[in-house]
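**Student:** Please read through the structure below; I'll follow up with questions.
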Amino acid sequence: MDPVRFLLELAPLAGEEARGEYVARHLPGARRDGLGNVFAGEGRLLLLAHLDTVLPPTPLRRRGERLYGPGVGDNSAGVAVLLSLPQRPGVVWGFTVGEEGLGNLRGARALVEALAPRVVVAVDGYLPGVVDRALGSLRFRVRYLGRGGHAWGDRGTPSPVFALAEGLAALHALFQGQEEASLNASSLRGGEAVNAIPKEASALLEIRALAPEALKALYEKAVAALKEAARRHGVEMALEVLGERPAGATATPELLRAAEEALATIGERPLFQPGSTDAGAAIERGIPALALGVYRGGGAHTEEEWVLPQSLKEGQQVLLAFLEALGVG
């Protein structure tokens, strides 16, 4: 089947439900679980492609050879490539919900638990990338709380907004120079009127690190810095952990060799790299796993995301060769 056709039909669809329905219509023997995952086949090798996207899709745009649109690559292209492959004995095709944002790998974790595979491969990312190490992450919300008041009449009242600003500045300084860890802050909230002292200010935060020990240590330092900002400004602080992803690696020499052989069929060598993918749901259970890139593009997680549509056929070839190298071709 033609992966480009699937991409053109799938990429404009918004939401996991609509995408799941599309996949179920085109996947022979499709089953769905209570979360919205779609899967088919029997076996100990589980192939996963996530249905969700970071940004809502918009109509696709062509510029030269490129196809533009949020989510057109990550992971509409991965879904299209996996859906285009003919099913075969010993392999389960899985299409998951909850990989992006605050999904916390809920779809992949549910399928891995229910199906108990021996090997998991996430179909996700750019050619010739191979994610052989899970990049750990902690996602949490920090909230600073005060009593609020009139901007003039209650001047001097502690402001959660200034506490949040100082806390974020301290975290920014903490992560300067970190080469194997990162910090992201988003969804800042605080106040409703220009002339009212806010009662609350909040932000979503994400820490990523290659090593589990580093992730834990950086999180503890971040919490201490945020608490210090609350103390200095005389406000309360509340913190809620929203998601955790594992760090580590379980890819076997057999899996790495299969990836190398598969990419050689299109004249490429694997670019081994860390990443955060559905494969993490297997890695945290000690199951051999990696993620295999299957398209060429750029701009992931932005409105200017793009793919080269014909590269999906290369990805299809690589994925088929990968299965053959594992003895399920």
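Chain lettering (A, B, ...) mirrors the order of the structure tokens, residue numbering begins at 1 for each chain separately, and ligand numbering begins at 1 in order of display.
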Write out as a PyMOL selection string the residues lying within 12 Å of Gly29 of chain A, counting only C-alpha atoms and excluding same-chain residues fewer than 2 positions away.
**Tutor:** chain A and resi 23-27+31-32+38-42+87+92-94
**Student:** At a cut-off of 8 Å, using only C-alpha atoms, what residues contact Asp124 of chain A? Leave out same-chain residues fewer than 2 positions from it and give the result as an MDAnalysis selection string.
**Tutor:** chainID A and resid 49:50 74:75 78 122 126 277 291:294
**Student:** Next, dump the selected residues to file, keeping only N, CA and C atoms, as a CSV table (one decimal), in the first residue's frame.
**Tutor:**
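again38.csv written:
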chain,number,residue,atom,x,y,z
A,49,ALA,N,3.1,3.2,16.6
A,49,ALA,CA,3.2,4.5,16.1
A,49,ALA,C,2.1,5.4,16.8
A,50,HIS,N,2.5,6.5,17.3
A,50,HIS,CA,1.5,7.3,18.1
A,50,HIS,C,0.6,8.1,17.2
A,74,ASP,N,5.5,14.3,12.7
A,74,ASP,CA,5.4,13.7,14.0
A,74,ASP,C,4.0,13.7,14.5
A,75,ASN,N,3.2,12.6,14.4
A,75,ASN,CA,3.8,11.4,13.9
A,75,ASN,C,2.8,10.8,12.8
A,78,GLY,N,4.8,8.6,10.6
A,78,GLY,CA,5.1,7.3,11.2
A,78,GLY,C,3.9,6.4,11.1
A,122,ALA,N,9.3,1.5,18.2
A,122,ALA,CA,8.5,2.6,17.9
A,122,ALA,C,8.8,3.1,16.5
A,126,TYR,N,12.9,10.9,12.2
A,126,TYR,CA,13.5,11.1,10.9
A,126,TYR,C,14.5,10.0,10.5
A,277,THR,N,10.3,8.5,23.2
A,277,THR,CA,9.3,7.8,22.2
A,277,THR,C,8.5,6.8,23.0
A,291,ALA,N,13.5,3.0,18.7
A,291,ALA,CA,12.6,3.7,17.8
A,291,ALA,C,13.4,3.9,16.5
A,292,LEU,N,12.6,3.7,15.4
A,292,LEU,CA,13.2,3.7,14.1
A,292,LEU,C,12.5,4.9,13.3
A,293,GLY,N,13.4,5.8,12.8
A,293,GLY,CA,12.9,6.9,12.0
A,293,GLY,C,12.5,6.4,10.6
A,294,VAL,N,11.4,7.0,10.0
A,294,VAL,CA,10.9,6.5,8.7
A,294,VAL,C,10.6,7.6,7.7
**Student:** Taking only segment 65-305 of chain A into account, list the residues labelled helix (DSSP H, G or I) by DSSP (computed from the backbone), as a ChimeraX atom specification.
**Tutor:** /A:76-84,106-115,160-175,212-233,253-264,280-283
**Student:** Within 7 Å of Asp132 of chain A, counting only C-alpha atoms, which residues qualify if same-chain residues fewer than 2 places away don't, as a ChimeraX atom specification?
**Tutor:** /A:130,134,249,251,272-274,290-291
**Student:** Between atom CA of Asp2 of chain A and atom CA of Phe95 of chain A, what distance in Å does the model show, to one decimal?
**Tutor:**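 Result for atom CA of Asp2 of chain A versus atom CA of Phe95 of chain A: 17.9 Å, one decimal.
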**Student:** Would you mind listing, for every residue of segment 203-222 of chain A within 8 Å of segment 140-144 of chain A, the two atoms forming the shortest contact and the distance between them in Å to one decimal, using only C-alpha atoms, sorted by chain and ascending residue number, as CSV?
**Tutor:**
residue,atom,partner,partner_atom,distance
A:Ala203,CA,A:Val142,CA,5.7
A:Leu204,CA,A:Arg141,CA,4.6
A:Leu205,CA,A:Phe140,CA,5.4
A:Glu206,CA,A:Phe140,CA,6.5
